[in-house]
Amino acid sequence: MSEAHWKTPELIGHRVLVPGGTGAVGEGVVRAFLAAGAEVIVPTRSEERANEFRALLGRIADEHLHLIVHDYTTFAGAQDLVDQIVRFRGGLDSVVAPIGGWWQGRTLAEITEDDWHAAFTGLATTHMAVLRAALPRLNDQGAYTIIVGDSATWPVPGSGLVSMEQAALLMMQRVAAAEAGESRRVFSLVLGPVSTRLAEGAVDAGDVGKVAVAITASTAPSASIGLHGPDEVDSALARLATETATAIGAPS
Ligand SMILES: NC(=O)c1ccc[n+]([C@@H]2O[C@H](COP(=O)([O-])OP(=O)(O)OC[C@H]3O[C@@H](n4cnc5c(N)ncnc54)[C@H](OP(=O)(O)O)[C@@H]3O)[C@@H](O)[C@H]2O)c1
């Protein structure tokens, strides 16, 4: 990515919830929000994963990173998490949700019921649980951003459950945006392969994080944004920077 359109926006004090933040893409999101000065709340289902993630981040895991061991995969669990955030932090401003990972190995005719729950209903339920608990509590300027992969729009033989689940999430974003009208901003980031701590890809996880920060800092309306390479990252950042500058009355 060129740096032409990137000046880290200031999100000091902005409370962002990042479920899935301990994951490969989530790490880039967490780093970008910490760099912007936000209060970054990362729920994780295990103490061990919390400790691993804190060690991975090293010195940037300061007092602005709030790792909470909490089950957010059920309606009740996600509701309790959001209630606690609102009670103890005084509110919630934004959410970025890079929940879930890859699954492969069986055709649709071969999948087991366990596969179905692990790769489809379990992840879809987690996304739904977080969205229904958090979206009504966001402040007016905040944004809700769902992160999915290209498999949402492209059938991948042997990974069909991923394609089906991600396609459902894309529609969830569209429905939530339509229902929210102008009262809330709801986005999806649709990614090609991502460069992370685990694998090489076409877009860097840190750049995914920068776009998520830029969305949050902007006044851009709800949208689905594709990020498949540095050109798309640059154009997304350029567009979002314009919408931020317009909002604060900066000269064009
Ligand atoms: N990696 C890529 O190259 C790539 C490319 C395109 C799109 N994406 C999309 O980006 C999102 C995140 O992918 P990722 O590669 O970062 O995944 P990941 O490394 O496996 O991390 C996913 C995170 O989701 C959380 N999670 C909550 N419920 C889960 C469940 N039932 N099963 C698995 N994880 C669960 C986990 O956090 P805790 O265990 O801490 O709770 C985990 O850290 C996904 O929507 C994926 O489709 C990734």
# chains A, B, ... in the order shown; residues from 1 in each chain; ligands from 1
call {"tool": "residues_near_ligand", "arguments": {"ligand": "ligand 1", "cutoff": "7 Å", "atoms": "only C-alpha atoms and all ligand atoms", "output": "count of residues only"}}
result
37
call {"tool": "residues_around", "arguments": {"residues": "segment 80-91 of chain A", "least_positions_apart": "3", "cutoff": "8 Å", "atoms": "only C-alpha atoms", "output": "PyMOL selection string"}}
result
chain A and resi 15+70+72+76-77+133-134+137-139
call {"tool": "select_by_dssp", "arguments": {"residues": "segment 31-243 of chain A", "states": "strand (DSSP E or B)", "output": "MDAnalysis selection string"}}
result
chainID A and resid 39:44 65:69 92 94:97 138 143:149 185:191 194:195 203:204 223:227
call {"tool": "closest_residue", "arguments": {"among": "A:Asp207, A:Glu243, A:Asp231, A:Glu10", "to": "Arg31 of chain A", "atoms": "only C-alpha atoms"}}
result
A:Asp207
call {"tool": "select_by_dssp", "arguments": {"residues": "segment 151-240 of chain A", "states": "alpha helix (DSSP H)", "output": "MDAnalysis selection string"}}
result
chainID A and resid 160:180 205:217 230:240
call {"tool": "closest_residue", "arguments": {"among": "A:Val30, A:Ala38, A:Ala180, A:Ala61", "to": "Pro136 of chain A", "atoms": "only C-alpha atoms"}}
result
A:Ala180
call {"tool": "residues_around", "arguments": {"residues": "Gly37 of chain A", "least_positions_apart": "6", "cutoff": "9 Å", "atoms": "only C-alpha atoms", "output": "NGL selection string"}}
result
:A and (9-14 or 64)
call {"tool": "residues_around", "arguments": {"residues": "Ile111 of chain A", "least_positions_apart": "4", "cutoff": "12 Å", "atoms": "only C-alpha atoms", "output": "list in words"}}
result
Trp103, Gln104, Gly105, Arg106, Thr107, Asp115, Trp116, His117, Ala118, Ala119, Phe120, Gly158, Ser159, Gly160 and Leu161 of chain A
call {"tool": "atom_distance", "arguments": {"atom1": "atom CA of Ser163 of chain A", "atom2": "atom CA of Gly226 of chain A"}}
result
15.9 Å
